[in-house]
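**Student:** Just passing along the structure, written as structure tokens.
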Amino acid sequence: SMKKLVALSLSVVMIFSLVIVNTSATENSSNIPFIEEYALNFMRTSQNDDDIELLTVKEMYDLDDNITGYYVLFQKDATPAGYVLISMLVEGNPVVDFALEGAGIFESNNNALLGKAQAKLVYTGPDCIFFDNGTNFLYSVMDRTSVNKTAVEKNYQQYIKSIDRATVLSGDGSIYDGVIDWSDAGLDTSSVFKINDFGAGTDYWKMETFSGGGVCAPTAGTNILWYWGFGRGASSVTSKVSNISGNLNKASHIFDVLYDGMGTTTIGGTWDTKVPDGYEEFFGESAGQGTWNYATISKSSSYNVYKDALDEQCPIHLQIRMNNNPFTTNGHDLFNFGYASGTDGTQYLFVMDGWNTYGRFVKYSYYPVVKGYKIWVNSN
């Protein structure tokens, strides 16, 4: 069902330094006090609220029991109050993903206390997080499907090779030795930007509202068109659903048209280049005729291309991929509605991911492939 998007707190300041020692599985306990201290300071400072408490720190591993990251959950008054994902797979600022509300990957289960679950948490790269219950299959927290361990390991090896981290898996089991300095790793609060008329009480649709899986592309498209129609007043969108009663039915109609136009399947997802076809199907006319238009943002584009598009008050149909293989289904489509930069130069995109009803900050360089489409609709 549809939920209201909680107003996003955008006052984010984090000033802290962290020393990480050997992160092999046998010595990981020495890291937890550091993780707890600095992650809690981060979230309290970010939300300007000292009543936020640390709920749990979940260590994350690869399939060889190297620690690859930490997932830190917070609470206030027994209610989830955000998360931080600290990745040991990246160089530079290790805060690759965070939100100022909700329970992150445990949100779909509507119970942040699952962060205390006994199941081992496997983390092998961007949005590749799994529960390992000791079988030959892992349960994808994101996609809510079972995945063969062999496939996960293969993708993991491709990922660390693509980011030139193939040497981190040393014989002693450590994955990222040495010192990580976060003293300059803050967000410049004056840089936080989001497009007009979005993010405060706006209706937002999740994938599960429409289908069980493989529908991130038409879901992102539905939210972008919903934003243009019901946030920015584009009659070319609202007129298409004016004779349909109820917001859920209106959104479902938009989704269905996009699903068909993009050639989406719940098993195979959506072919990357078919995304504009869905928008064309919805409007009943090709791009550039005055009603709507799009611009392709290629994988070679700089971060400034995204900033420029958003500065022009255009949302981005964002496509993040784990590798360059066009046949891969290992990726996700999102609604990119803002950005922020760190005081240390870290670049973040502000996204709605289709899993939750609140925004996430994701580190731009975190994903091997980032591309998408700038979507414009005439709202005059």
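All residue names refer to the structure tokens as shown: chains lettered A, B, ... in order, residues numbered from 1 in each chain, ligands numbered from 1 in order.
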Show me, as JSON, numbers by chain, the residues that have an atom within 12 Å of A:Thr270 when counting only C-alpha atoms, minus same-chain residues fewer than 2 positions from it.

**Tutor:** {"A": [213, 214, 215, 216, 217, 218, 219, 220, 221, 258, 259, 260, 261, 262, 263, 264, 265, 266, 267, 268, 272, 273, 274, 275, 276, 277, 278, 319, 326, 327, 328, 329, 330, 331, 332, 333]}

**Student:** Let's have the selection written as an mmCIF file, in the first residue's frame, with C-alpha atoms.

**Tutor:**
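Contents of the output file result-v2.cif:
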data_model
loop_
_atom_site.group_PDB
_atom_site.id
_atom_site.type_symbol
_atom_site.label_atom_id
_atom_site.label_comp_id
_atom_site.auth_asym_id
_atom_site.auth_seq_id
_atom_site.Cartn_x
_atom_site.Cartn_y
_atom_site.Cartn_z
ATOM 1 C CA GLY A 213 10.022 -8.670 -8.505
ATOM 2 C CA GLY A 214 11.929 -7.461 -11.534
ATOM 3 C CA VAL A 215 9.927 -4.247 -11.760
ATOM 4 C CA CYS A 216 12.342 -1.575 -10.567
ATOM 5 C CA ALA A 217 12.373 0.190 -13.953
ATOM 6 C CA PRO A 218 8.604 0.722 -14.368
ATOM 7 C CA THR A 219 8.357 1.520 -10.643
ATOM 8 C CA ALA A 220 11.012 4.245 -10.973
ATOM 9 C CA GLY A 221 9.169 5.504 -14.049
ATOM 10 C CA LEU A 258 5.225 1.540 -18.484
ATOM 11 C CA TYR A 259 5.613 -2.180 -17.751
ATOM 12 C CA ASP A 260 4.265 -3.050 -21.177
ATOM 13 C CA GLY A 261 6.052 -0.240 -22.999
ATOM 14 C CA MET A 262 9.420 -1.109 -21.458
ATOM 15 C CA GLY A 263 8.967 -4.788 -22.237
ATOM 16 C CA THR A 264 9.523 -5.648 -18.587
ATOM 17 C CA THR A 265 9.238 -9.192 -17.236
ATOM 18 C CA THR A 266 9.207 -10.136 -13.564
ATOM 19 C CA ILE A 267 11.920 -12.722 -14.248
ATOM 20 C CA GLY A 268 14.263 -10.832 -16.553
ATOM 21 C CA ASP A 272 18.326 -0.872 -20.299
ATOM 22 C CA THR A 273 17.620 0.851 -23.609
ATOM 23 C CA LYS A 274 13.898 0.052 -23.512
ATOM 24 C CA VAL A 275 13.211 2.515 -20.695
ATOM 25 C CA PRO A 276 12.405 5.518 -22.968
ATOM 26 C CA ASP A 277 9.938 3.318 -24.884
ATOM 27 C CA GLY A 278 7.842 3.067 -21.746
ATOM 28 C CA GLN A 319 20.393 2.861 -13.663
ATOM 29 C CA PRO A 326 24.366 -5.632 -20.997
ATOM 30 C CA PHE A 327 22.802 -9.041 -20.401
ATOM 31 C CA THR A 328 23.217 -8.879 -16.637
ATOM 32 C CA THR A 329 20.192 -8.663 -14.385
ATOM 33 C CA ASN A 330 22.417 -7.664 -11.476
ATOM 34 C CA GLY A 331 21.417 -4.040 -11.220
ATOM 35 C CA HIS A 332 18.695 -1.673 -10.140
ATOM 36 C CA ASP A 333 16.724 1.338 -11.404
#

**Student:** Run DSSP on the backbone and grab whatever in stretch 37-86 of chain A lands in strand (DSSP E); send it over as a PyMOL selection string.

**Tutor:** chain A and resi 53-61+67-76+79-86

**Student:** With only C-alpha atoms as the atoms that count, which of A:Gln313, A:Thr296, A:Asn31, A:Asn136 lies nearest to A:Val377?

**Tutor:**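 Among the listed residues, A:Gln313 lies closest to A:Val377.
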
**Student:** Would you mind telling me which residue in A:Ala99, A:Cys128, A:Ile254, A:Met142 lies nearest to A:Phe350 when using only C-alpha atoms?

**Tutor:**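 Counting only C-alpha atoms, the residue closest to A:Phe350 is A:Ala99.
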
**Student:** What's around stretch 49-63 of chain A at 6 Å? Count only C-alpha atoms, leave out sequence neighbours fewer than 2 positions away in its own chain, and write the answer as a list in words.

**Tutor:**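 In the requested form, the answer reads Arg44, Gln47, Asp65, Asn66, Ile67, Thr68, Gly69, Tyr70, Tyr71, Val72, Leu73, Phe74, Gln75, Lys76, Leu121, Val122, Tyr123 and Thr124 of chain A.
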
**Student:** Report as number ranges by chain all protein, DNA and RNA residues lying within 7 Å of A:Leu100, evaluated on only C-alpha atoms, omitting residues in the same chain fewer than 5 positions from it.

**Tutor:** A: 9, 47, 81-83

**Student:** Set the distance at 8 Å and use only C-alpha atoms: which residues neighbour A:Tyr159 once local chain neighbours fewer than 2 positions away are removed? I'd like the list as an mmCIF file with all heavy atoms, in the first residue's frame.

**Tutor:**
data_model
loop_
_atom_site.group_PDB
_atom_site.id
_atom_site.type_symbol
_atom_site.label_atom_id
_atom_site.label_comp_id
_atom_site.auth_asym_id
_atom_site.auth_seq_id
_atom_site.Cartn_x
_atom_site.Cartn_y
_atom_site.Cartn_z
ATOM 1 N N GLY A 125 29.249 -6.306 -2.301
ATOM 2 C CA GLY A 125 29.277 -5.156 -3.184
ATOM 3 C C GLY A 125 27.982 -4.379 -3.140
ATOM 4 O O GLY A 125 27.070 -4.706 -2.373
ATOM 5 N N ASN A 155 30.018 -13.104 -9.158
ATOM 6 C CA ASN A 155 29.764 -11.668 -9.281
ATOM 7 C C ASN A 155 30.680 -10.861 -8.371
ATOM 8 O O ASN A 155 31.136 -9.762 -8.726
ATOM 9 C CB ASN A 155 28.303 -11.359 -8.960
ATOM 10 C CG ASN A 155 27.369 -11.766 -10.081
ATOM 11 O OD1 ASN A 155 27.755 -11.789 -11.236
ATOM 12 N ND2 ASN A 155 26.141 -12.102 -9.735
ATOM 13 N N TYR A 156 30.952 -11.411 -7.185
ATOM 14 C CA TYR A 156 31.821 -10.732 -6.224
ATOM 15 C C TYR A 156 33.229 -10.593 -6.787
ATOM 16 O O TYR A 156 33.839 -9.516 -6.713
ATOM 17 C CB TYR A 156 31.836 -11.518 -4.917
ATOM 18 C CG TYR A 156 32.750 -10.976 -3.847
ATOM 19 C CD1 TYR A 156 32.780 -9.624 -3.533
ATOM 20 C CD2 TYR A 156 33.574 -11.833 -3.114
ATOM 21 C CE1 TYR A 156 33.604 -9.130 -2.536
ATOM 22 C CE2 TYR A 156 34.400 -11.357 -2.114
ATOM 23 C CZ TYR A 156 34.417 -9.999 -1.821
ATOM 24 O OH TYR A 156 35.232 -9.519 -0.837
ATOM 25 N N GLN A 157 33.750 -11.662 -7.359
ATOM 26 C CA GLN A 157 35.096 -11.614 -7.918
ATOM 27 C C GLN A 157 35.167 -10.624 -9.079
ATOM 28 O O GLN A 157 36.161 -9.907 -9.241
ATOM 29 C CB GLN A 157 35.544 -13.011 -8.364
ATOM 30 C CG GLN A 157 35.718 -14.004 -7.221
ATOM 31 C CD GLN A 157 36.736 -13.550 -6.182
ATOM 32 O OE1 GLN A 157 37.734 -12.909 -6.514
ATOM 33 N NE2 GLN A 157 36.487 -13.860 -4.917
ATOM 34 N N LYS A 161 37.405 -7.073 -8.953
ATOM 35 C CA LYS A 161 38.335 -6.867 -10.069
ATOM 36 C C LYS A 161 38.027 -5.553 -10.780
ATOM 37 O O LYS A 161 38.935 -4.795 -11.147
ATOM 38 C CB LYS A 161 38.236 -8.030 -11.059
ATOM 39 C CG LYS A 161 39.219 -7.926 -12.219
ATOM 40 C CD LYS A 161 39.113 -9.129 -13.151
ATOM 41 C CE LYS A 161 40.109 -9.016 -14.291
ATOM 42 N NZ LYS A 161 40.015 -10.180 -15.209
ATOM 43 N N SER A 162 36.740 -5.246 -10.926
ATOM 44 C CA SER A 162 36.349 -4.028 -11.634
ATOM 45 C C SER A 162 36.737 -2.772 -10.880
ATOM 46 O O SER A 162 36.966 -1.718 -11.477
ATOM 47 C CB SER A 162 34.837 -4.023 -11.894
ATOM 48 O OG SER A 162 34.101 -3.796 -10.687
ATOM 49 N N ILE A 163 36.820 -2.865 -9.554
ATOM 50 C CA ILE A 163 37.218 -1.694 -8.774
ATOM 51 C C ILE A 163 38.685 -1.756 -8.376
ATOM 52 O O ILE A 163 39.137 -1.039 -7.490
ATOM 53 C CB ILE A 163 36.337 -1.528 -7.519
ATOM 54 C CG1 ILE A 163 36.427 -2.757 -6.604
ATOM 55 C CG2 ILE A 163 34.897 -1.262 -7.903
ATOM 56 C CD1 ILE A 163 35.725 -2.585 -5.277
ATOM 57 N N MET A 322 26.211 -3.622 -11.701
ATOM 58 C CA MET A 322 27.393 -4.184 -11.071
ATOM 59 C C MET A 322 28.520 -4.464 -12.055
ATOM 60 O O MET A 322 29.653 -4.695 -11.662
ATOM 61 C CB MET A 322 27.019 -5.467 -10.325
ATOM 62 C CG MET A 322 26.256 -5.212 -9.035
ATOM 63 S SD MET A 322 27.284 -4.405 -7.800
ATOM 64 C CE MET A 322 28.377 -5.760 -7.365
ATOM 65 N N ASN A 323 28.215 -4.493 -13.355
ATOM 66 C CA ASN A 323 29.268 -4.694 -14.339
ATOM 67 C C ASN A 323 28.794 -4.157 -15.684
ATOM 68 O O ASN A 323 27.674 -3.651 -15.806
ATOM 69 C CB ASN A 323 29.670 -6.172 -14.433
ATOM 70 C CG ASN A 323 28.492 -7.080 -14.733
ATOM 71 O OD1 ASN A 323 27.758 -6.854 -15.695
ATOM 72 N ND2 ASN A 323 28.299 -8.107 -13.911
ATOM 73 N N PRO A 368 29.990 0.299 -10.010
ATOM 74 C CA PRO A 368 30.852 0.206 -11.189
ATOM 75 C C PRO A 368 30.268 0.889 -12.420
ATOM 76 O O PRO A 368 30.996 1.475 -13.208
ATOM 77 C CB PRO A 368 30.982 -1.308 -11.409
ATOM 78 C CG PRO A 368 30.772 -1.901 -10.064
ATOM 79 C CD PRO A 368 29.741 -1.019 -9.413
#

**Student:** Pick out the closest residue to A:Asp197 from this set: A:Pro315, A:Pro80, A:Gly342, A:Gly372. Count only C-alpha atoms.

**Tutor:**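 Closest candidate: A:Pro315.
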
**Student:** Nearest to A:Gly338 among A:Glu107, A:Asp311, A:Asp353, A:Glu281, with distances taken over only C-alpha atoms: which residue is it?

**Tutor:**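 Among A:Glu107, A:Asp311, A:Asp353, A:Glu281, it is A:Asp311 that comes nearest to A:Gly338.
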
**Student:** So that I can check the secondary structure, give me every residue of stretch 34-108 of chain A assigned alpha helix (DSSP H) by backbone DSSP, as JSON, numbers by chain.

**Tutor:** {"A": [34, 35, 36, 37, 38, 39, 40, 41, 42, 43, 44, 45, 46, 47]}

**Student:** Write out as a count of residues only the residues lying within 9 Å of A:Lys307, counting only C-alpha atoms and excluding same-chain residues fewer than 3 positions away.

**Tutor:** 8

**Student:** Residues near A:Asn378, anyone? I mean within 8 Å using only C-alpha atoms, not counting same-chain ones fewer than 5 positions away, as an NGL selection string.

**Tutor:** :A and (234 or 236 or 290-292)

**Student:** Using only C-alpha atoms for the distances, tell me which of A:Val192, A:Ile32, A:Ala251, A:Leu225 is nearest to A:Phe210.

**Tutor:**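 Counting only C-alpha atoms, the residue closest to A:Phe210 is A:Ala251.
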
**Student:** If I take atom CA of A:Val84 and atom CA of A:Tyr364, how far is one from the other in Å, to one decimal?

**Tutor:**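 Rounded to one decimal, the two atoms are 15.6 Å apart.
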
**Student:** One decimal, in Å: what's the spacing between atom CA of A:Phe255 and atom CA of A:Tyr139?

**Tutor:** 26.9 Å
